[in-house]
Each structure stands twice: as structure tokens, then as C-alpha cells.
$ cat final_32.csv   # CSV, C-alpha atoms and all ligand atoms
chain,number,residue,atom,x,y,z
A,28,MET,CA,134.9,114.2,125.2
A,29,ASN,CA,131.7,115.8,124.0
A,30,GLU,CA,132.4,119.4,123.6
A,31,ILE,CA,129.6,120.4,121.3
A,32,TRP,CA,126.9,118.9,123.5
A,33,ASP,CA,128.5,120.2,126.7
A,34,LYS,CA,128.4,123.7,125.2
A,35,VAL,CA,124.9,123.4,123.9
A,36,TYR,CA,123.5,122.1,127.3
A,37,SER,CA,125.6,124.7,129.3
A,38,ASN,CA,123.9,127.5,127.2
A,39,ASP,CA,120.4,126.1,127.4
A,40,SER,CA,119.1,123.9,130.3
A,41,THR,CA,116.1,122.8,128.2
A,42,PHE,CA,117.6,122.5,124.7
A,43,PHE,CA,115.0,119.9,123.5
A,44,GLY,CA,112.3,121.3,125.7
A,45,GLU,CA,110.9,119.8,128.9
A,46,GLU,CA,108.0,117.8,127.5
A,47,PRO,CA,108.5,114.1,126.6
A,48,SER,CA,108.9,113.5,122.9
A,49,ASN,CA,106.0,112.1,120.9
A,50,PHE,CA,108.2,109.1,120.1
A,51,SER,CA,108.7,108.3,123.8
A,52,GLN,CA,105.0,108.4,124.3
A,53,MET,CA,104.4,106.0,121.4
A,54,CYS,CA,107.1,103.7,122.8
A,55,TYR,CA,105.6,103.7,126.3
A,56,LYS,CA,102.3,102.3,124.9
A,57,ASP,CA,104.3,99.5,123.3
A,58,PHE,CA,106.3,98.9,126.5
A,59,LYS,CA,103.0,98.2,128.3
A,60,LYS,CA,102.0,95.6,125.7
A,61,HIS,CA,105.3,93.8,126.0
A,62,HIS,CA,105.6,94.1,129.8
A,63,VAL,CA,108.8,96.1,129.5
A,64,ASN,CA,110.2,97.0,133.0
A,65,LYS,CA,114.0,97.4,132.8
A,66,LEU,CA,114.8,100.0,130.2
A,67,LEU,CA,118.1,101.5,129.0
A,68,GLU,CA,118.2,104.9,127.2
A,69,LEU,CA,121.2,105.7,125.1
A,70,GLY,CA,122.1,109.4,124.6
A,71,CYS,CA,119.5,110.6,127.1
A,72,GLY,CA,120.6,114.3,126.9
A,73,GLN,CA,118.9,116.5,129.5
A,74,GLY,CA,116.4,113.7,130.1
A,75,ARG,CA,113.0,114.9,128.8
A,76,ASP,CA,112.2,111.2,127.9
A,77,THR,CA,114.2,109.7,130.7
A,78,LEU,CA,112.2,111.6,133.4
A,79,PHE,CA,108.9,110.7,131.6
A,80,PHE,CA,109.7,106.9,131.7
A,81,ALA,CA,110.9,107.0,135.3
A,82,SER,CA,107.8,108.9,136.4
A,83,LEU,CA,105.8,105.9,135.0
A,84,ASP,CA,107.5,103.4,137.3
A,85,LEU,CA,109.8,101.9,134.7
A,86,ASP,CA,113.3,100.8,136.0
A,87,VAL,CA,115.3,103.3,134.0
A,88,TYR,CA,119.0,103.3,133.2
A,89,ALA,CA,120.5,106.0,131.0
A,90,ILE,CA,123.8,107.0,129.6
A,91,ASP,CA,125.1,110.1,127.8
A,92,SER,CA,128.7,111.1,127.0
A,93,SER,CA,128.0,114.8,128.0
A,94,LYS,CA,129.1,115.6,131.5
A,95,VAL,CA,126.9,118.7,131.5
A,96,ALA,CA,123.8,116.6,130.5
A,97,ILE,CA,124.3,114.1,133.2
A,98,GLU,CA,124.9,116.7,135.9
A,99,SER,CA,121.8,118.6,134.9
A,100,LEU,CA,119.7,115.5,134.9
A,101,LYS,CA,121.0,114.4,138.3
A,102,GLN,CA,119.9,117.8,139.6
A,103,LYS,CA,116.4,117.3,138.1
A,104,ILE,CA,116.2,113.8,139.7
A,105,GLY,CA,117.2,115.3,143.0
A,106,GLU,CA,114.2,117.7,142.8
A,107,GLN,CA,111.7,114.9,142.1
A,108,ASN,CA,110.9,111.7,144.0
A,109,ILE,CA,112.2,109.3,141.3
A,110,THR,CA,115.2,107.0,140.7
A,111,ILE,CA,117.2,106.8,137.5
A,112,LYS,CA,120.6,105.0,137.2
A,113,LEU,CA,122.7,107.5,135.3
A,114,ARG,CA,126.1,107.2,133.8
A,115,GLN,CA,128.3,109.5,131.8
A,116,PHE,CA,129.8,107.2,129.2
A,117,ASP,CA,130.9,107.2,125.6
A,118,ALA,CA,128.8,104.4,124.0
A,119,SER,CA,131.2,104.0,121.1
A,120,GLN,CA,133.4,102.2,123.6
A,121,GLY,CA,130.6,99.7,124.3
A,122,ILE,CA,127.5,99.6,126.5
A,123,PRO,CA,128.6,99.3,130.1
A,124,PHE,CA,126.1,96.6,131.3
A,125,ASP,CA,126.0,92.8,131.5
A,126,LYS,CA,124.5,90.7,128.7
A,127,LYS,CA,120.8,90.1,128.7
A,128,TYR,CA,120.2,92.8,131.3
A,129,PHE,CA,117.4,94.9,129.7
A,130,ASP,CA,113.9,94.3,128.4
A,131,ALA,CA,114.2,97.2,126.0
A,132,VAL,CA,116.8,99.7,124.7
A,133,TYR,CA,115.5,103.1,123.7
A,134,SER,CA,117.0,106.1,122.0
A,135,HIS,CA,115.8,109.3,120.4
A,136,MET,CA,118.1,110.8,117.8
A,137,PHE,CA,121.2,109.1,119.2
A,138,TYR,CA,122.4,106.8,116.4
A,139,ASN,CA,122.5,109.8,114.1
A,140,MET,CA,125.4,111.2,116.0
A,141,ARG,CA,128.7,111.3,114.2
A,142,PHE,CA,129.5,107.5,114.4
A,143,THR,CA,131.5,105.7,111.8
A,144,ASP,CA,129.9,102.7,110.1
A,145,VAL,CA,132.2,100.5,112.2
A,146,GLU,CA,131.1,102.2,115.4
A,147,LEU,CA,127.4,102.0,114.4
A,148,SER,CA,127.6,98.3,113.7
A,149,PHE,CA,129.3,97.8,117.0
A,150,LEU,CA,126.6,99.9,118.8
A,151,PHE,CA,123.8,97.7,117.4
A,152,LYS,CA,125.7,94.6,118.3
A,153,GLU,CA,126.1,96.0,121.8
A,154,SER,CA,122.5,96.9,122.0
A,155,SER,CA,121.6,93.3,121.1
A,156,ARG,CA,124.1,91.9,123.7
A,157,VAL,CA,122.5,93.8,126.6
A,158,LEU,CA,119.0,92.8,125.6
A,159,LYS,CA,117.2,89.8,127.0
A,160,ASN,CA,116.4,87.1,124.4
A,161,ASP,CA,112.9,88.5,123.7
A,162,GLY,CA,114.2,92.1,124.1
A,163,LEU,CA,113.1,95.1,122.1
A,164,LEU,CA,115.0,98.0,120.4
A,165,TYR,CA,113.2,101.3,119.8
A,166,PHE,CA,115.0,104.2,118.1
A,167,SER,CA,114.5,107.3,116.0
A,168,VAL,CA,117.0,108.7,113.5
A,169,ARG,CA,117.1,111.7,111.1
A,170,SER,CA,115.9,110.5,107.7
A,171,ASP,CA,116.8,111.1,104.1
A,172,ASN,CA,113.5,113.2,103.9
A,173,ASP,CA,114.9,115.7,106.4
A,174,VAL,CA,115.0,119.2,105.1
A,175,LEU,CA,118.8,119.3,105.9
A,176,TYR,CA,119.6,116.1,104.2
A,177,ASN,CA,122.4,116.6,101.7
A,178,LYS,CA,123.0,120.2,103.0
A,179,GLY,CA,126.0,121.6,104.9
A,180,LYS,CA,129.5,120.3,104.6
A,181,LYS,CA,129.9,116.6,103.8
A,182,ILE,CA,132.2,114.9,106.3
A,183,ASP,CA,131.7,111.3,105.4
A,184,ASN,CA,129.1,109.0,103.7
A,185,ASN,CA,125.7,110.4,104.9
A,186,ILE,CA,127.4,112.6,107.5
A,187,TYR,CA,127.1,116.4,107.2
A,188,GLU,CA,128.3,119.3,109.3
A,189,ILE,CA,125.4,121.7,109.8
A,190,ASN,CA,125.6,124.7,112.2
A,191,GLY,CA,128.5,123.0,114.1
A,192,PHE,CA,126.7,119.7,114.5
A,193,GLN,CA,127.9,116.5,112.7
A,194,ILE,CA,124.8,114.6,111.8
A,195,ARG,CA,124.3,111.2,110.1
A,196,PHE,CA,121.2,110.8,108.0
A,197,PHE,CA,119.7,107.4,107.2
A,198,THR,CA,117.8,105.8,104.3
A,199,LYS,CA,115.5,102.9,105.2
A,200,GLU,CA,117.9,100.6,103.3
A,201,GLN,CA,120.8,101.7,105.5
A,202,ILE,CA,118.8,101.1,108.7
A,203,GLU,CA,117.9,97.6,107.5
A,204,SER,CA,121.5,96.8,106.6
A,205,PHE,CA,122.8,97.9,110.1
A,206,LEU,CA,120.1,95.8,111.8
A,207,VAL,CA,120.1,92.6,109.7
A,208,ASN,CA,122.6,90.6,111.8
A,209,HIS,CA,121.0,91.2,115.2
A,210,PHE,CA,117.4,92.5,114.9
A,211,GLU,CA,114.2,91.7,113.2
A,212,ILE,CA,112.4,94.9,112.2
A,213,LYS,CA,108.8,95.0,113.4
A,214,ASP,CA,108.0,98.4,111.9
A,215,ILE,CA,109.6,101.6,110.4
A,216,GLU,CA,107.4,104.7,110.5
A,217,GLU,CA,108.1,108.1,109.1
A,218,CYS,CA,107.3,111.1,111.2
A,219,TYR,CA,107.9,114.9,111.4
A,220,GLU,CA,108.8,116.2,114.8
A,221,VAL,CA,109.5,119.9,114.4
A,222,PRO,CA,112.0,120.6,112.9
A,223,VAL,CA,113.3,117.2,111.9
A,224,SER,CA,112.1,114.3,109.8
A,225,LEU,CA,112.6,110.9,111.4
A,226,TYR,CA,112.4,107.2,110.9
A,227,LEU,CA,110.9,105.6,114.0
A,228,VAL,CA,112.2,102.0,114.2
A,229,PHE,CA,110.7,99.2,116.3
A,230,CYS,CA,112.5,95.8,116.4
A,231,TYR,CA,113.0,92.5,118.2
A,232,LYS,CA,116.3,91.0,119.1
A,233,LYS,CA,116.9,88.0,116.8
A,301,LIG,C1,120.4,114.7,119.4
A,301,LIG,S1,120.8,114.6,121.1
A,301,LIG,C2,119.3,113.8,121.7
A,301,LIG,C3,119.1,113.9,123.2
A,301,LIG,C4,117.9,113.2,123.8
A,301,LIG,N1,117.8,111.9,123.3
A,301,LIG,C5,116.6,114.0,123.4
A,301,LIG,O1,116.0,113.6,122.4
A,301,LIG,O2,116.3,114.9,124.2
A,301,LIG,C6,122.0,113.3,121.1
A,301,LIG,C7,122.6,112.9,122.5
A,301,LIG,O3,123.6,111.9,122.3
A,301,LIG,C8,124.7,112.2,123.2
A,301,LIG,N2,125.9,111.5,122.6
A,301,LIG,C9,126.6,111.8,121.5
A,301,LIG,N3,127.6,110.9,121.3
A,301,LIG,C10,127.5,110.0,122.3
A,301,LIG,C11,128.3,108.9,122.6
A,301,LIG,N4,129.3,108.5,121.9
A,301,LIG,N5,127.9,108.2,123.8
A,301,LIG,C12,126.9,108.6,124.5
A,301,LIG,N6,126.1,109.6,124.2
A,301,LIG,C13,126.4,110.4,123.1
A,301,LIG,C14,124.8,113.7,123.1
A,301,LIG,O4,125.5,114.2,124.3
A,301,LIG,C15,123.4,114.1,123.1
A,301,LIG,O5,122.9,114.3,124.4
$ encode --input "final_32.csv" --output "C-alpha cells"
Amino acid sequence: MNEIWDKVYSNDSTFFGEEPSNFSQMCYKDFKKHHVNKLLELGCGQGRDTLFFASLDLDVYAIDSSKVAIESLKQKIGEQNITIKLRQFDASQGIPFDKKYFDAVYSHMFYNMRFTDVELSFLFKESSRVLKNDGLLYFSVRSDNDVLYNKGKKIDNNIYEINGFQIRFFTKEQIESFLVNHFEIKDIEECYEVPVSLYLVFCYKK
């Protein structure tokens, strides 16, 4: 189901490093302001941010379609005194939780996977469905300022194959158009997190 990521994670048990991302640390400060407790992470990978959130006493749920990622994260959880509700799941099929279940949905470089426009619209609709009425959505995506934007083999609109990865890049306008039906944007910041240029997006459920 997720051959490329299974292969990447099999070859490197800390592909994105072990430290939490800067984005997760920024979001955590905002979680505190908004009394976020029940959190869902989409595309958690090997769990650098998932473990960070769980170590700070948030009630963390996480999904990823890579079996290897989920197995390796389960092993890390077993070695620490923390709880994370993990599930191997392909989010393009929907988000496998009840409506209004979470205070916040978080993801780092997840929506820029190779999703079609239809799948992305569905994913944002699903993200809204599982959020409580005053819920928050936090995500980062590769931006049109990224050094690899417009490079590699074009697969579809804004999707390029680069070194075996199929990556979608976003303009600010595209982010806004995907969110307009379900979310109100609080802020979009630009940031460089070696080696990628990102938009960091903070929104409220409408
Ligand atoms: C760029 S990685 C980011 C991993 C993690 N967020 C981090 O920053 O360390 C994207 C992750 O999304 C997962 N993924 C890709 N397509 C998915 C899908 N359809 N459903 C769930 N997870 C998916 C991949 O397995 C991978 O772990």
C-alpha cells in the first residue's frame, strides 16, 4: 500500500531525525493557549512529533499508511512510559474516527503526498468532520518557494516525481481554495526547515 515509505523507513530507522520538528514545537505552544487535549496526527511517520506530543501529556492518536512506520513507532512506545493510539490506515479512504472527536488535527508534510485534488478535498472535509465545533487544524506543506518546485518529472498539476518520491507543492492560493468550505485560516507562515520550504497553516473549523 505504501511501498516507497516502507522502503525508506526499513532502510533508515530515523529518516527525519529523532528530534521533534520546529513546527510541532510551535504548534504545542498554540495547543496550550487553546486547551487542546485530544490530538490526531495524520501521516505520523516514525513519530518524531508524535512522541514529543505524547511526552507532554496530550491524548495522542496517530495514523500512517506505512506498516513499517507504525511497527517502528510501536517499538519506540514500548520502550518509553507513554501511550499513543496508533493505526496503520490509508487516510485517502477517510479518517477512521467519529465526528467531533478531536480538539485538533495536526500534520507535518502529509497533505503534500501524492493525493489527487479530489482526495485532498475529501481529506480536508474529513479533517473537519472529526474536529469538535471549535476545533483547530494545523499543517505544513511544501511550498512553491521550495528549491525543488517545478523540478523533476511532472506527474499531475503541482505534483512532481523527484528521486522516487511523488510530491505535491502548494501555492498560498491553492491552500486557501482547498480550505474555503470547511476552515477559516488564522495564519499562513513561510518557513525553511532544512532542506524544504514550507507553508505553516493554522486554521479554525468553520
Ligand atoms: C513526508 S512524510 C512525513 C512524516 C512525519 N510527519 C514527519 O514529519 O516525520 C509523510 C508520511 O505520510 C504517510 N502517508 C503517505 N500517504 C498516506 C496515506 N494515504 N494515508 C496515511 N499516511 C500516508 C507516509 O507513510 C509518511 O510517513
$ residues_near_ligand --input "final_32.csv" --ligand "ligand LIG 301 (chain A)" --cutoff "9 Å" --atoms "only C-alpha atoms and all ligand atoms" --output "ChimeraX atom specification"
/A:28-33,36,41-45,47-48,68-77,90-97,115-121,134-142,194
$ closest_residue --input "final_32.csv" --among "A:Ala81, A:Val228, A:Lys112, A:Met53" --to "Tyr165 of chain A" --atoms "all atoms listed in the file"
A:Val228
$ residues_around --input "final_32.csv" --residues "Phe196 of chain A" --least-positions-apart "5" --cutoff "12 Å" --atoms "only C-alpha atoms" --output "ChimeraX atom specification"
/A:136-142,167-178,181-189,201-202,223-226
$ atom_distance --input "final_32.csv" --atom1 "atom CA of Val35 of chain A" --atom2 "atom CA of Lys65 of chain A"
29.6 Å
$ atom_distance --input "final_32.csv" --atom1 "atom CA of Lys199 of chain A" --atom2 "atom CA of Glu216 of chain A"
9.8 Å
$ atom_distance --input "final_32.csv" --atom1 "atom CA of Asp130 of chain A" --atom2 "atom CA of Phe197 of chain A"
25.6 Å
$ residues_around --input "final_32.csv" --residues "Ile212 of chain A" --least-positions-apart "5" --cutoff "7 Å" --atoms "only C-alpha atoms" --output "PyMOL selection string"
chain A and resi 229-231
$ residues_around --input "final_32.csv" --residues "Ile109 of chain A" --least-positions-apart "3" --cutoff "9 Å" --atoms "all atoms listed in the file" --output "NGL selection string"
:A and (78 or 81-82 or 84 or 104-106)
$ write_last_selection --input "final_32.csv" --atoms "C-alpha atoms" --output "PDB file, in the frame of the given file"
ATOM      1  CA  LEU A  78     112.200 111.600 133.400  1.00  0.00           C
ATOM      2  CA  ALA A  81     110.900 107.000 135.300  1.00  0.00           C
ATOM      3  CA  SER A  82     107.800 108.900 136.400  1.00  0.00           C
ATOM      4  CA  ASP A  84     107.500 103.400 137.300  1.00  0.00           C
ATOM      5  CA  ILE A 104     116.200 113.800 139.700  1.00  0.00           C
ATOM      6  CA  GLY A 105     117.200 115.300 143.000  1.00  0.00           C
ATOM      7  CA  GLU A 106     114.200 117.700 142.800  1.00  0.00           C
TER       8      GLU A 106
END
$ closest_residue --input "final_32.csv" --among "A:Leu227, A:Ser154, A:Lys232, A:Ser37" --to "Asn49 of chain A" --atoms "only C-alpha atoms"
A:Leu227
$ residues_around --input "final_32.csv" --residues "Ser148 of chain A" --least-positions-apart "2" --cutoff "12 Å" --atoms "only C-alpha atoms" --output "PyMOL selection string"
chain A and resi 119+121+138+142-146+150-155+201-210
$ closest_residue --input "final_32.csv" --among "A:Leu85, A:Ser40, A:Cys218, A:Glu200" --to "Glu98 of chain A" --atoms "all atoms listed in the file"
A:Ser40
$ axis_aligned_box --input "final_32.csv" --around "segment 36-49 of chain A" --padding-each-side "6 Å" --output "JSON"
{"center_x": 115.8, "center_y": 119.8, "center_z": 125.6, "size_x": 31.6, "size_y": 27.4, "size_z": 21.4}
$ decode --input "final_32.csv" --residues "segment 76-126 of chain A" --atoms "C-alpha atoms" --output "PDB file, in the first residue's frame"
ATOM      1  CA  ASP A  76       6.460  14.694  16.610  1.00  0.00           C
ATOM      2  CA  THR A  77       4.023  12.049  17.889  1.00  0.00           C
ATOM      3  CA  LEU A  78       6.407  11.034  20.690  1.00  0.00           C
ATOM      4  CA  PHE A  79       7.026  14.687  21.560  1.00  0.00           C
ATOM      5  CA  PHE A  80       3.291  15.424  21.894  1.00  0.00           C
ATOM      6  CA  ALA A  81       2.645  12.257  23.902  1.00  0.00           C
ATOM      7  CA  SER A  82       5.536  13.043  26.261  1.00  0.00           C
ATOM      8  CA  LEU A  83       3.752  16.329  27.062  1.00  0.00           C
ATOM      9  CA  ASP A  84       0.619  14.567  28.283  1.00  0.00           C
ATOM     10  CA  LEU A  85      -1.573  15.173  25.278  1.00  0.00           C
ATOM     11  CA  ASP A  86      -4.031  12.395  24.418  1.00  0.00           C
ATOM     12  CA  VAL A  87      -2.457  11.411  21.096  1.00  0.00           C
ATOM     13  CA  TYR A  88      -3.914   9.387  18.220  1.00  0.00           C
ATOM     14  CA  ALA A  89      -1.871   8.878  15.066  1.00  0.00           C
ATOM     15  CA  ILE A  90      -2.258   7.215  11.694  1.00  0.00           C
ATOM     16  CA  ASP A  91       0.091   6.398   8.847  1.00  0.00           C
ATOM     17  CA  SER A  92      -0.334   4.096   5.878  1.00  0.00           C
ATOM     18  CA  SER A  93       3.191   2.664   6.233  1.00  0.00           C
ATOM     19  CA  LYS A  94       3.250  -0.632   8.130  1.00  0.00           C
ATOM     20  CA  VAL A  95       6.980  -0.217   8.774  1.00  0.00           C
ATOM     21  CA  ALA A  96       6.438   3.270  10.288  1.00  0.00           C
ATOM     22  CA  ILE A  97       3.698   2.040  12.607  1.00  0.00           C
ATOM     23  CA  GLU A  98       5.670  -1.029  13.714  1.00  0.00           C
ATOM     24  CA  SER A  99       8.784   1.023  14.469  1.00  0.00           C
ATOM     25  CA  LEU A 100       6.760   3.611  16.385  1.00  0.00           C
ATOM     26  CA  LYS A 101       5.062   0.844  18.405  1.00  0.00           C
ATOM     27  CA  GLN A 102       8.500  -0.409  19.369  1.00  0.00           C
ATOM     28  CA  LYS A 103       9.601   3.084  20.495  1.00  0.00           C
ATOM     29  CA  ILE A 104       6.401   3.485  22.558  1.00  0.00           C
ATOM     30  CA  GLY A 105       7.093   0.127  24.204  1.00  0.00           C
ATOM     31  CA  GLU A 106      10.493   1.403  25.322  1.00  0.00           C
ATOM     32  CA  GLN A 107       9.000   4.550  26.931  1.00  0.00           C
ATOM     33  CA  ASN A 108       6.300   5.066  29.523  1.00  0.00           C
ATOM     34  CA  ILE A 109       3.809   6.731  27.173  1.00  0.00           C
ATOM     35  CA  THR A 110       0.544   5.921  25.414  1.00  0.00           C
ATOM     36  CA  ILE A 111      -0.292   6.671  21.779  1.00  0.00           C
ATOM     37  CA  LYS A 112      -3.278   5.224  19.930  1.00  0.00           C
ATOM     38  CA  LEU A 113      -1.732   4.156  16.628  1.00  0.00           C
ATOM     39  CA  ARG A 114      -3.332   2.861  13.499  1.00  0.00           C
ATOM     40  CA  GLN A 115      -1.999   1.809  10.112  1.00  0.00           C
ATOM     41  CA  PHE A 116      -4.530   3.334   7.733  1.00  0.00           C
ATOM     42  CA  ASP A 117      -4.735   4.904   4.272  1.00  0.00           C
ATOM     43  CA  ALA A 118      -6.277   8.303   5.022  1.00  0.00           C
ATOM     44  CA  SER A 119      -7.448   8.744   1.426  1.00  0.00           C
ATOM     45  CA  GLN A 120     -10.166   6.221   2.385  1.00  0.00           C
ATOM     46  CA  GLY A 121     -11.355   8.558   5.166  1.00  0.00           C
ATOM     47  CA  ILE A 122     -10.291   9.347   8.717  1.00  0.00           C
ATOM     48  CA  PRO A 123     -11.291   6.372  10.873  1.00  0.00           C
ATOM     49  CA  PHE A 124     -12.796   8.217  13.858  1.00  0.00           C
ATOM     50  CA  ASP A 125     -16.199   9.505  14.933  1.00  0.00           C
ATOM     51  CA  LYS A 126     -17.314  13.032  14.133  1.00  0.00           C
TER      52      LYS A 126
END
